[in-house]
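**Student:** So that you have it, the file is coords-v2.txt, and it contains compact mmCIF, C-alpha atoms:
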# COMPACT_ATOMS: atom_id res chain seq x y z
CA MET A 1 -8.44 -1.34 -21.04
CA GLY A 2 -6.75 -3.80 -23.32
CA ASN A 3 -3.90 -1.44 -24.02
CA SER A 4 -2.98 -0.97 -20.37
CA LYS A 5 0.37 -2.65 -21.00
CA LEU A 6 1.35 0.22 -23.26
CA TYR A 7 0.65 2.67 -20.47
CA LYS A 8 2.26 0.63 -17.72
CA GLY A 9 5.80 1.49 -18.70
CA SER A 10 4.96 5.16 -18.65
CA LEU A 11 3.25 5.23 -15.26
CA ASN A 12 6.24 6.74 -13.47
CA THR A 13 6.56 9.48 -16.05
CA ILE A 14 2.85 10.24 -15.81
CA ILE A 15 3.11 10.56 -12.03
CA LEU A 16 6.15 12.81 -12.24
CA LYS A 17 4.49 15.01 -14.86
CA LEU A 18 1.33 15.38 -12.77
CA LEU A 19 3.32 16.32 -9.69
CA GLU A 20 5.31 18.82 -11.70
CA GLU A 21 2.08 20.54 -12.71
CA LYS A 22 0.18 20.30 -9.45
CA GLY A 23 2.93 20.70 -6.86
CA LYS A 24 1.70 18.19 -4.32
CA MET A 25 -0.89 15.44 -4.58
CA TYR A 26 -2.11 12.42 -2.64
CA GLY A 27 -2.62 8.92 -4.02
CA TYR A 28 -6.36 9.00 -4.53
CA GLU A 29 -6.14 12.41 -6.15
CA ILE A 30 -3.62 11.09 -8.68
CA THR A 31 -5.87 8.19 -9.72
CA GLN A 32 -8.80 10.56 -10.14
CA LYS A 33 -6.78 13.12 -12.04
CA VAL A 34 -5.46 10.55 -14.50
CA LYS A 35 -8.98 9.26 -15.07
CA GLU A 36 -10.24 12.77 -15.67
CA LEU A 37 -7.44 13.71 -18.06
CA THR A 38 -7.73 10.57 -20.14
CA LYS A 39 -11.54 10.52 -19.92
CA GLY A 40 -11.41 7.06 -18.41
CA GLU A 41 -9.22 5.65 -21.16
CA LEU A 42 -6.35 5.03 -18.75
CA LYS A 43 -7.27 3.83 -15.31
CA ILE A 44 -4.36 3.60 -12.93
CA THR A 45 -5.14 0.67 -10.71
CA GLU A 46 -4.53 1.12 -7.02
CA GLY A 47 -2.34 -1.98 -7.04
CA ALA A 48 0.03 -0.28 -9.48
CA LEU A 49 -0.07 3.30 -8.29
CA TYR A 50 1.17 2.94 -4.73
CA PRO A 51 4.13 0.69 -5.55
CA ALA A 52 5.15 3.23 -8.21
CA LEU A 53 4.89 6.10 -5.72
CA HIS A 54 6.85 4.20 -3.06
CA LYS A 55 9.57 3.32 -5.53
CA LEU A 56 9.95 6.92 -6.68
CA GLU A 57 10.06 7.98 -3.03
CA ALA A 58 12.77 5.42 -2.21
CA GLU A 59 14.76 6.62 -5.20
CA GLY A 60 14.72 10.11 -3.72
CA LEU A 61 12.65 11.60 -6.55
CA LEU A 62 9.64 12.26 -4.33
CA ASP A 63 9.31 13.75 -0.92
CA VAL A 64 6.35 13.28 1.39
CA GLU A 65 4.30 15.55 3.58
CA VAL A 66 1.56 14.53 5.95
CA ALA A 67 -1.42 16.62 7.00
CA LYS A 68 -4.47 15.94 9.10
CA VAL A 69 -7.62 16.11 6.96
CA ASP A 70 -11.13 15.10 8.11
CA ASN A 71 -10.23 12.89 11.09
CA ARG A 72 -7.43 11.18 9.20
CA LEU A 73 -3.86 11.60 8.06
CA ARG A 74 -3.19 12.30 4.43
CA LYS A 75 0.12 11.69 2.74
CA TYR A 76 1.06 14.13 0.00
CA TYR A 77 3.77 13.53 -2.57
CA LYS A 78 5.85 16.24 -4.18
CA LEU A 79 8.94 16.36 -6.38
CA THR A 80 12.36 16.73 -4.84
CA GLU A 81 15.04 18.68 -6.68
CA ALA A 82 16.35 15.43 -8.13
CA GLY A 83 12.78 14.58 -9.05
CA GLU A 84 12.36 17.82 -10.99
CA LYS A 85 15.47 17.10 -13.04
CA GLU A 86 14.41 13.51 -13.62
CA THR A 87 10.97 14.64 -14.80
CA VAL A 88 12.56 16.72 -17.55
CA ASN A 89 14.72 13.76 -18.62
CA ARG A 90 11.92 11.25 -18.60
CA LEU A 91 9.55 13.51 -20.51
CA ALA A 92 12.21 14.02 -23.15
CA GLU A 93 12.70 10.26 -23.32
CA LEU A 94 8.98 9.67 -23.65
CA GLU A 95 8.65 12.24 -26.42
CA GLU A 96 11.53 10.64 -28.25
CA PHE A 97 9.85 7.27 -27.86
CA ILE A 98 6.57 8.61 -29.21
CA ARG A 99 8.38 10.06 -32.24
CA SER A 100 10.11 6.76 -32.94
CA MET A 101 6.86 4.87 -32.62
CA GLN A 102 5.16 7.28 -34.98
CA ASN A 103 7.88 6.72 -37.55
CA LEU A 104 7.56 2.98 -37.13
CA VAL A 105 3.81 2.85 -37.33
CA ASN A 106 3.39 5.51 -39.92
CA PRO A 107 6.60 5.77 -41.90
CA LYS A 108 7.02 8.60 -44.35
CA TRP A 109 8.08 6.94 -47.55
CA SER A 110 10.02 9.02 -49.93
CA ILE A 111 11.55 8.25 -53.27
CA GLU A 112 15.02 9.53 -53.68
CA MET B 1 -20.91 12.98 3.79
CA LYS B 2 -17.65 12.36 5.66
CA LEU B 3 -16.42 9.31 7.51
CA THR B 4 -16.63 9.35 11.28
CA LYS B 5 -13.71 8.71 13.59
CA GLY B 6 -15.14 5.28 14.38
CA GLN B 7 -15.32 4.37 10.71
CA ILE B 8 -11.71 5.47 10.20
CA GLU B 9 -10.76 3.20 13.07
CA GLU B 10 -12.69 0.38 11.40
CA LEU B 11 -10.67 0.94 8.24
CA TYR B 12 -7.43 0.58 10.22
CA VAL B 13 -8.72 -2.73 11.57
CA PHE B 14 -9.68 -3.73 8.01
CA THR B 15 -6.15 -3.09 6.69
CA ARG B 16 -4.63 -5.03 9.59
CA LYS B 17 -6.95 -7.93 8.81
CA HIS B 18 -5.69 -7.86 5.26
CA TYR B 19 -2.08 -8.26 6.30
CA VAL B 20 -0.97 -4.64 6.34
CA GLU B 21 1.12 -4.73 9.50
CA HIS B 22 2.71 -1.32 9.53
CA TYR B 23 1.14 1.94 10.51
CA ASP B 24 2.69 4.02 7.71
CA LEU B 25 1.12 1.94 4.96
CA GLN B 26 -2.11 1.44 6.90
CA THR B 27 -2.52 5.21 7.12
CA GLU B 28 -2.05 5.73 3.40
CA LEU B 29 -4.51 2.97 2.51
CA VAL B 30 -7.05 4.18 5.07
CA ASP B 31 -7.02 7.62 3.47
CA HIS B 32 -7.36 6.08 0.02
CA LEU B 33 -10.31 3.89 1.01
CA SER B 34 -11.93 6.83 2.82
CA ASN B 35 -11.71 9.03 -0.25
CA GLY B 36 -13.21 6.28 -2.39
CA ILE B 37 -16.07 5.65 0.04
CA GLU B 38 -16.84 9.35 0.38
CA GLU B 39 -16.92 9.70 -3.38
CA GLN B 40 -19.40 6.82 -3.65
CA TRP B 41 -21.57 8.52 -1.03
CA GLN B 42 -21.73 11.63 -3.18
CA TYR B 43 -23.66 9.70 -5.80
CA ASN B 44 -25.42 7.29 -3.48
CA PRO B 45 -25.71 8.65 0.07
CA LYS B 46 -27.72 5.65 1.25
CA LEU B 47 -24.99 3.14 0.47
CA ALA B 48 -23.88 1.19 3.54
CA PHE B 49 -20.33 1.79 4.76
CA ASP B 50 -19.37 -1.90 4.46
CA ASP B 51 -20.70 -2.21 0.90
CA ALA B 52 -18.85 0.91 -0.19
CA LEU B 53 -15.67 -0.42 1.44
CA GLN B 54 -15.95 -3.72 -0.45
CA VAL B 55 -16.28 -1.85 -3.75
CA GLU B 56 -13.13 0.14 -3.02
CA PHE B 57 -11.19 -2.90 -1.81
CA LYS B 58 -12.05 -4.84 -4.99
CA LYS B 59 -10.23 -2.19 -7.00
CA PHE B 60 -6.98 -3.48 -5.52
CA GLY B 61 -7.50 -6.77 -7.36
CA VAL B 62 -7.66 -10.39 -6.22
CA PHE B 63 -4.54 -10.19 -4.09
CA GLY B 64 -5.84 -7.23 -2.13
CA PHE B 65 -3.14 -5.18 -0.48
CA MET B 66 -0.51 -7.90 -0.78
CA ASP B 67 1.18 -6.49 -3.84
CA VAL B 68 1.29 -3.01 -2.35
CA VAL B 69 2.76 -4.38 0.90
CA GLU B 70 5.38 -6.43 -0.90
CA LYS B 71 6.53 -3.59 -3.13
CA ARG B 72 6.56 -1.19 -0.21
CA GLN B 73 8.82 -3.57 1.67
CA LYS B 74 11.15 -3.72 -1.29
CA ALA B 75 11.30 0.05 -1.56
CA MET B 76 11.88 0.38 2.18
CA SER B 77 14.68 -2.22 2.10
CA ASN B 78 16.38 -0.09 -0.52
CA ARG B 79 16.08 2.86 1.76
CA TYR B 80 17.41 0.87 4.71
CA ARG B 81 20.40 -0.24 2.67
CA LYS B 82 21.13 3.34 1.67
CA ILE B 83 21.05 4.44 5.32
CA LEU B 84 23.27 1.50 6.31
CA TYR B 85 25.72 2.30 3.54
CA GLY B 86 25.91 5.89 4.79
CA PHE B 87 26.88 4.65 8.26
CA VAL B 88 29.39 2.11 6.95
CA LYS B 89 31.04 4.88 4.93
CA GLU B 90 31.67 6.81 8.15
CA TRP B 91 33.88 3.97 9.35
CA PHE B 92 36.16 4.46 6.38
CA GLN B 93 36.65 8.14 7.07
CA LEU B 94 38.61 9.73 9.90
CA PRO B 95 38.32 9.54 12.87
CA LYS B 96 36.41 6.20 12.82
CA LEU B 97 38.79 4.87 10.19
CA LEU B 98 41.37 4.42 12.98
CA THR B 99 39.05 2.02 14.80
CA THR B 100 38.44 0.11 11.57
CA ILE B 101 42.19 -0.21 11.04
CA ALA B 102 42.64 -1.33 14.66
CA ILE B 103 40.02 -4.09 14.24
CA PHE B 104 41.69 -5.16 11.03
CA ILE B 105 45.14 -5.31 12.66
CA LEU B 106 43.72 -7.26 15.60
CA PHE B 107 42.24 -9.88 13.28
CA PHE B 108 45.41 -9.96 11.24
CA LEU B 109 47.53 -10.62 14.33
CA VAL B 110 45.15 -13.19 15.80
CA LEU B 111 45.12 -15.10 12.51
CA HIS B 112 48.88 -15.59 12.83
CA LEU B 113 48.40 -17.61 16.01
CA LYS B 114 48.33 -21.39 15.79
CA GLN B 115 45.16 -21.43 17.90
CA ALA B 116 43.49 -18.70 15.82
CA SER B 117 40.29 -20.75 15.36
CA TYR B 118 39.90 -21.16 19.12
CA VAL B 119 40.63 -17.51 19.85
CA LEU B 120 38.07 -16.45 17.25
CA MET B 121 35.49 -18.92 18.56
CA GLY B 122 36.05 -17.63 22.09
CA LEU B 123 35.69 -14.06 20.86
CA ILE B 124 32.45 -14.91 19.08
CA LEU B 125 31.10 -16.60 22.21
CA ILE B 126 31.88 -13.61 24.42
CA LEU B 127 30.51 -11.08 21.91
CA GLY B 128 27.49 -13.30 21.33
CA ALA B 129 26.70 -13.47 25.03
CA VAL B 130 27.09 -9.71 25.50
CA ASN B 131 24.96 -9.08 22.45
CA PHE B 132 22.29 -11.52 23.59
CA TYR B 133 22.02 -9.71 26.90
CA HIS B 134 21.72 -6.29 25.22
CA GLN B 135 19.17 -7.49 22.67
CA PHE B 136 17.13 -9.10 25.39
CA LYS B 137 17.03 -5.87 27.36
CA ARG B 138 16.13 -3.84 24.29
CA ARG B 139 13.39 -6.24 23.19
CA LYS B 140 11.75 -5.87 26.58
CA LYS B 141 11.85 -2.10 26.30
CA GLU B 142 10.50 -2.21 22.75
CA LYS B 143 7.65 -4.46 23.72
CA ALA B 144 6.61 -2.06 26.44
CA GLN B 145 6.79 0.84 23.98
CA LYS B 146 4.79 -1.05 21.39
CA LEU B 147 2.05 -1.78 23.87
CA LYS B 148 1.96 1.87 24.77
CA LYS B 149 1.94 3.18 21.22
CA GLY B 150 0.32 0.30 19.34
CA LYS B 151 1.72 1.60 16.07
CA VAL B 152 4.75 0.20 14.33
CA PHE B 153 6.36 1.76 11.28
CA MET B 154 7.91 -0.39 8.57
CA LEU B 155 11.36 1.14 8.86
CA GLU B 156 11.15 0.74 12.63
CA SER B 157 10.61 -3.02 12.24
CA MET B 158 13.49 -3.21 9.80
CA ILE B 159 15.84 -1.34 12.12
CA ASN B 160 14.92 -3.64 15.01
CA ASP B 161 14.89 -6.92 13.11
CA THR B 162 17.91 -6.52 10.87
CA GLY B 163 20.27 -6.12 13.83
CA ASN B 164 19.03 -9.39 15.27
CA GLY B 165 19.19 -11.15 11.93
CA VAL B 166 22.74 -10.02 11.26
CA SER B 167 23.94 -11.06 14.72
CA ILE B 168 22.36 -14.52 14.48
CA MET B 169 23.86 -15.01 11.04
CA LEU B 170 27.22 -13.75 12.16
CA PHE B 171 27.59 -15.51 15.49
CA GLY B 172 25.83 -18.72 14.50
CA ASN B 173 27.28 -19.34 11.08
CA ILE B 174 30.84 -18.20 11.61
CA PHE B 175 31.06 -20.16 14.85
CA ASN B 176 29.85 -23.31 13.09
CA VAL B 177 32.20 -22.87 10.17
CA LEU B 178 35.17 -22.36 12.48
CA GLN B 179 34.23 -25.35 14.57
CA ILE B 180 33.77 -27.68 11.63
CA MET B 181 36.88 -26.59 9.77
CA ARG B 182 39.31 -26.15 12.70
CA PHE B 183 41.42 -24.50 10.08
CA ASN B 184 44.99 -23.55 10.83
CA PHE B 185 45.10 -20.01 9.49
CA SER B 186 48.75 -19.46 10.45
CA GLU B 187 49.87 -21.69 7.58
CA LEU B 188 48.54 -19.21 5.02
CA ASN B 189 50.69 -16.42 3.66
CA ASN B 190 50.21 -12.80 4.65
CA TYR B 191 48.15 -11.84 1.60
CA TRP B 192 45.54 -14.43 2.40
CA LEU B 193 45.55 -13.48 6.06
CA ALA B 194 45.07 -9.81 5.18
CA LEU B 195 42.18 -10.76 2.91
CA ILE B 196 40.57 -12.87 5.64
CA ALA B 197 41.10 -10.06 8.16
CA ILE B 198 39.31 -7.64 5.82
CA ALA B 199 36.53 -10.19 5.32
CA ALA B 200 36.19 -10.42 9.11
CA THR B 201 36.31 -6.65 9.72
CA LEU B 202 33.42 -5.84 7.39
CA PRO B 203 30.82 -8.09 9.07
CA CYS B 204 31.99 -6.79 12.45
CA LEU B 205 31.22 -3.22 11.38
CA THR B 206 27.91 -4.25 9.80
CA PHE B 207 26.97 -6.05 12.99
CA TYR B 208 27.82 -3.10 15.20
CA ILE B 209 25.98 -0.63 12.96
CA THR B 210 22.82 -2.70 12.46
CA ALA B 211 22.57 -3.95 16.04
CA TYR B 212 23.66 -0.85 17.95
CA VAL B 213 24.17 2.35 15.93
CA MET B 214 20.97 2.29 13.89
CA PRO B 215 18.64 1.26 16.74
CA SER B 216 20.12 4.03 18.88
CA LYS B 217 19.38 6.55 16.12
CA ALA B 218 15.98 5.03 15.29
CA GLN B 219 14.02 8.02 16.52
CA GLU B 220 15.95 10.41 14.30
CA LEU B 221 15.79 8.13 11.25
CA LEU B 222 12.05 7.61 11.67
CA GLU B 223 11.39 11.32 11.99
CA GLU B 224 13.35 11.90 8.80
CA THR B 225 11.48 9.20 6.91
CA TYR B 226 7.98 9.74 8.25
CA PRO B 227 6.58 13.25 8.56
CA GLU B 228 3.62 11.75 10.43
CA TYR B 229 5.86 10.26 13.14
CA ASN B 230 5.42 13.28 15.38
CA LEU B 231 1.76 13.77 14.49
CA ILE B 232 0.50 10.63 16.19
I need this file expressed as structure tokens, please.
**Tutor:**
Amino acid sequence: MGNSKLYKGSLNTIILKLLEEKGKMYGYEITQKVKELTKGELKITEGALYPALHKLEAEGLLDVEVAKVDNRLRKYYKLTEAGEKETVNRLAELEEFIRSMQNLVNPKWSIE
Amino acid sequence: MKLTKGQIEELYVFTRKHYVEHYDLQTELVDHLSNGIEEQWQYNPKLAFDDALQVEFKKFGVFGFMDVVEKRQKAMSNRYRKILYGFVKEWFQLPKLLTTIAIFILFFLVLHLKQASYVLMGLILILGAVNFYHQFKRRKKEKAQKLKKGKVFMLESMINDTGNGVSIMLFGNIFNVLQIMRFNFSELNNYWLALIAIAATLPCLTFYITAYVMPSKAQELLEETYPEYNLI
């Protein structure tokens, strides 16, 4: 998508929000879920997703769990307590950003 | 249709071929590729394993796994630094604080000597030799373990390599600087000497922690970082 740059900055928030809803998820599941939710409009590329997950993990916002599934090991991500708090903050920030953008793009003119 | 054990093993080989050295990241990518391949098989069960793999790999872009590896290393270095900082902090709290103060006082007193440069160079040589012997012994043990296990985690490499790096930097560089300068520290006033003694104490602690403390706690640190460590 041409507008992927607009989404890029919000990737971390999207991941946090998904994990808040689903509890725990693995990498492939997250890419699929985002595709499904946005009906293909936003495709998280693999090259961007894993670095984002690893960064959030290193920051202590995500915790990992590993389980054996179909002959292989699967790594699940879930929010830590700090991650839960951060999700609330980042969602608030994102909403604020969306409001500001709306005002910029579509200003409500009024004559006083 | 699910992947067989042999095909999973092939995927591990594939990631290694594409410069993913460490088992933790290999495992995550293997699961990702497997999920992608299995999904393709749902729509096209006749698709060959290798063709399906190429389709999935292309999704990572022209640089393949390189970006993921690089960023993972960066994230893990952050984590390593945090762990190191936690250990360093211990040396500024009682009871270890007493040892830190003792090292500081020792440096401070040595710096007052006219032959301080020579004493320090001698100290570095002795410590360097002892360290070299210990590292050599540990390397041998590690190599044997690696052959046995065949799987190396990223943090494990960092714990093993950083200690060596720090000691080479410390012993090599400081020795050279002292030798070239042949500086007479005893001419400086006490404030400068105290400052230099602090500057000498910190690398000493860092060296001891990275080369001895962290490797000795590697097992514990790896279990904390990797839930899969005990699964393999």
**Student:** Kindly provide, as a PyMOL selection string, the residues of chain B having any atom no farther than 7 Å from an atom of chain A, counting all atoms listed in the file.
**Tutor:** chain B and resi 5+27-28+31-32+35+59-60+67-68+71-72+75-76+78-79+227-228
**Student:** By how many Å are atom CA of B:Ser167 and atom CA of B:Asn131 apart?
**Tutor:**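 Interatomic distance, atom CA of B:Ser167 to atom CA of B:Asn131: 8.0 Å.
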**Student:** Excluding B:Gln135 and residues on its chain fewer than 5 positions from it, collect all residues at most 10 Å away from it, counting only C-alpha atoms, and give them as a VMD selection string.
**Tutor:** chain B and resid 129 to 130 140 to 141 160 163 to 164 167 211 to 212
**Student:** Which polymer residues have any atom within 12 Å of an atom of B:Val55, counting all atoms listed in the file, with same-chain residues fewer than 5 positions away left out, as a list in words?
**Tutor:**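 Once the adjacent positions are removed, what remains is Leu33, Ser34, Gly36, Ile37, Glu38, Glu39, Gln40, Trp41, Leu47, Ala48, Phe49, Asp50, Phe60, Gly61 and Gly64 of chain B.
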**Student:** Between B:Glu156, B:Asp161, B:Glu56, B:Glu187, which is the closest to B:Ala218 once you count all atoms listed in the file?
**Tutor:** B:Glu156
**Student:** For atom CA of A:Arg99 and atom CA of A:Ser10, determine how far apart the two atoms are, in Å to one decimal place.
**Tutor:** 14.8 Å
**Student:** Can you tell me which residues surround A:Glu21 at a distance of at most 12 Å, considering only C-alpha atoms, apart from same-chain residues fewer than 3 positions away, and format the answer as a PDB file with C-alpha atoms, keeping the file's coordinate frame?
**Tutor:**
ATOM      1  CA  ILE A  14       2.850  10.240 -15.810  1.00  0.00           C
ATOM      2  CA  ILE A  15       3.110  10.560 -12.030  1.00  0.00           C
ATOM      3  CA  LEU A  16       6.150  12.810 -12.240  1.00  0.00           C
ATOM      4  CA  LYS A  17       4.490  15.010 -14.860  1.00  0.00           C
ATOM      5  CA  LEU A  18       1.330  15.380 -12.770  1.00  0.00           C
ATOM      6  CA  LYS A  24       1.700  18.190  -4.320  1.00  0.00           C
ATOM      7  CA  MET A  25      -0.890  15.440  -4.580  1.00  0.00           C
ATOM      8  CA  ILE A  30      -3.620  11.090  -8.680  1.00  0.00           C
ATOM      9  CA  LYS A  33      -6.780  13.120 -12.040  1.00  0.00           C
ATOM     10  CA  LYS A  78       5.850  16.240  -4.180  1.00  0.00           C
ATOM     11  CA  LEU A  79       8.940  16.360  -6.380  1.00  0.00           C
ATOM     12  CA  GLU A  84      12.360  17.820 -10.990  1.00  0.00           C
ATOM     13  CA  THR A  87      10.970  14.640 -14.800  1.00  0.00           C
TER      14      THR A  87
END
**Student:** Kindly give the distance, in Å, that separates atom CA of B:Val69 and atom CA of B:Val20, rounded to a single decimal.
**Tutor:** 6.6 Å
**Student:** Just checking: using all atoms listed in the file, which residue out of A:Phe97, A:Glu86, A:Leu37, A:Gly23 ends up closest to A:Gly9?
**Tutor:**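 Ranking A:Phe97, A:Glu86, A:Leu37, A:Gly23 by distance to A:Gly9, first place goes to A:Phe97.
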**Student:** With distances taken over all atoms listed in the file, which of B:Tyr80, B:Phe175, B:Phe107, B:Tyr12 is nearest to B:Thr225?
**Tutor:**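 Once distances to B:Thr225 are computed over all atoms listed in the file, the minimum belongs to B:Tyr80.
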